[in-house]
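Student: My questions will all concern the structure given below.
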Amino acid sequence: MTQPLTGEEWKLVLLLAMINIVHILDFVIVMPLGDQLRQELSVSPWQFGVVVSVYGLSAMVAGIVASTVIDRFNRRDVLLCFFAGFILATLYCGLAPNYAHLVFGRILAGLCGGTVASTVMTFIVEVIPNQRRGRALGIVSSSFAFASTIGLPIGLGLAELFKNFGAPFLAIALLALAVWVASYYLLPSLEGHRSQTQISPWQQFIYVAKQPNHLWSFLFMVAMVLGTFMVIPFIAPYLVANCGLPRSYLSLMYGVGGIGTLAAVNLTGWMADRFGPRPIFLFTAGIAVVMTVVITNLGEVGVGVCILATTIFMMVASSRVVPAQAMMLQSADPKTRGAFTSLTSAFSHFATGTGPLISGLVVGEASPNGPLTGFWIAGCLAAFFGVSAMILSFYLRPAHQE
């Protein structure tokens, strides 16, 4: 039997979800802007991959550094500090005058956003009991769907309205400021974990990283994310350049996909609590592999087919994250949960950073600003990693069995 969240838990989870929405929106808004960046800044597929990748790679660095010290500080103070830095970095991206400044802004946003993301997960682990954690993870993981349903269409609309890719970033920075103020007044102070950490930062890093169950979690995370982010950044440019989807339909595509994903993610959270996370993960991950192959091999199809394929892909790719996170959080050593979630976030961002770079090596242009080539190769590689994640899921087990 699943248990409903309490009133106080609902307040915290919704606030954490809003923080995650802002962070996710800042990350994903770059991807549907790919075609516009190609036009405004004359970036190549490789350079576009770099714009997407540097966020993830810098977030990885932030996660590794944070894992050595995060359990020594109040969770609330850490989140508020790095969230403020994230707002300033997003503002910088919105004002970036050229490609080099945009890349630098994405690096700064990744350094701060990566720490914010891992701290959000730590709040859930330490406040929400295990029997209700799947539901909480489902709500917070809905951030991607909500950002796609509401944020991406609005962001793309602003970019089209002002004929400037920076407009969505400025809007995100304004929204993030409002969420930061709410967090300052509503986030609880979590300090109970601090007395449990008595070893040096480097020793703590080694302690967390060398545990076999943690290592399997890290490998699992990398494979799962590579199975998604070798494809996602190039979907919008591919559909516009190769499948005949008008750029004006991107908002509709992400809106419909986001609505489907919002429902699917919350349903998956409920099912993970009821039936266990592993079978639900295997089911959603299996469909995700199939849709990866489908969406990277679309030809000249109608708008309806583009939207349907993208919606199914978004639903299963996002839904599998909920049971995956539940399995990984169960595998964490309770004494170093903050360090574990920081490292898990670091490996996730490593995959989000390297995935587009790998795809950028095989995806090319038939002509300047023309159709993309080699996307099917990226799809095959992504499907391989998706299957690998399904196999690795059998190696994860709860920490108390260590």
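For the structure tokens, the naming scheme is as follows: chains receive sequential letters (A, B, ...) according to their order of presentation, residues are indexed from 1 within each chain, and ligands are indexed from 1 in presentation order.
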For Val301 of chain A, list every protein, DNA or RNA residue within 10 Å, evaluated using only C-alpha atoms, and leave out those in the same chain fewer than 6 positions away; present the list as a list in words.
Tutor: Leu239, Asn242, Cys243, Gly244 and Leu245 of chain A
Student: Could you please take those selected residues and save C-alpha atoms as an mmCIF file, in the first residue's frame?
Tutor:
data_model
loop_
_atom_site.group_PDB
_atom_site.id
_atom_site.type_symbol
_atom_site.label_atom_id
_atom_site.label_comp_id
_atom_site.auth_asym_id
_atom_site.auth_seq_id
_atom_site.Cartn_x
_atom_site.Cartn_y
_atom_site.Cartn_z
ATOM 1 C CA LEU A 239 12.933 17.478 -37.120
ATOM 2 C CA ASN A 242 15.178 16.721 -42.060
ATOM 3 C CA CYS A 243 11.528 15.940 -41.339
ATOM 4 C CA GLY A 244 9.918 19.139 -42.563
ATOM 5 C CA LEU A 245 8.581 20.298 -39.194
#
Student: Skipping near chain neighbours, those fewer than 3 positions away, what residues fall within 8 Å of Phe385 of chain A using only C-alpha atoms, listed as an NGL selection string?
Tutor: :A and (223-224 or 226-227 or 381-382 or 388-389)
Student: Keeping C-alpha atoms, export the residues of the selection given above as a compact mmCIF listing (two decimals), in the first residue's frame.
Tutor:
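Okay, part.txt is ready:
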# COMPACT_ATOMS: atom_id res chain seq x y z
CA ALA A 223 24.55 4.52 -19.21
CA MET A 224 20.97 5.70 -18.69
CA LEU A 226 23.91 8.64 -22.37
CA GLY A 227 20.98 6.66 -23.74
CA LEU A 381 24.82 4.31 -29.90
CA ALA A 382 22.15 5.72 -27.58
CA SER A 388 23.30 -1.39 -20.90
CA ALA A 389 21.39 0.58 -18.24
Student: Dump as CSV the rows for residues of segment 65-136 of chain A within 7 Å of segment 175-188 of chain A: closest atom pair and distance in Å with one decimal, only C-alpha atoms counted, ordered by chain and rising residue number.
Tutor:
residue,atom,partner,partner_atom,distance
A:Arg76,CA,A:Leu187,CA,6.5
A:Leu80,CA,A:Tyr184,CA,7.0
A:Ile87,CA,A:Ala176,CA,6.3
Student: Compare A:Met271, A:Ala346, A:Val305, A:Ile232 by their minimum atom-to-atom distance to Arg320 of chain A, counting only C-alpha atoms, and give me the closest one.
Tutor: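 Residue with the minimum atom-to-atom distance to Arg320 of chain A: A:Met271.
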Student: What are the nearest atom pairs, with distances in Å to one decimal, for all residues of segment 202-264 of chain A that come at most 7 Å from segment 353-364 of chain A, using only C-alpha atoms, set out by chain and rising residue number as a tab-separated table?
Tutor:
residue	atom	partner	partner_atom	distance
A:Leu226	CA	A:Gly355	CA	5.5
A:Phe229	CA	A:Gly355	CA	5.3
A:Met230	CA	A:Gly355	CA	4.4
A:Pro233	CA	A:Pro356	CA	6.7
Student: A:Thr228, A:Asn266, A:Thr352, A:Gln36: which is nearest Arg247 of chain A, counting only C-alpha atoms?
Tutor: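 The answer is A:Gln36, which sits nearest to Arg247 of chain A.
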Student: Atom CA of Ala109 of chain A and atom CA of Gln39 of chain A, how far apart in Å?
Tutor: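 These two atoms are separated by 23.5 Å.
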Student: At what distance in Å, to one decimal, does atom CA of Pro153 of chain A lie from atom CA of Ile21 of chain A?
Tutor: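 Computed distance, atom CA of Ile21 of chain A to atom CA of Pro153 of chain A, equals 14.0 Å.
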Student: As a ChimeraX atom specification, which residues of segment 206-376 of chain A does DSSP assign to helix (DSSP H, G or I)?
Tutor: /A:206-210,212-229,232-242,247-275,277-295,303-319,321-330,334-362,375-376
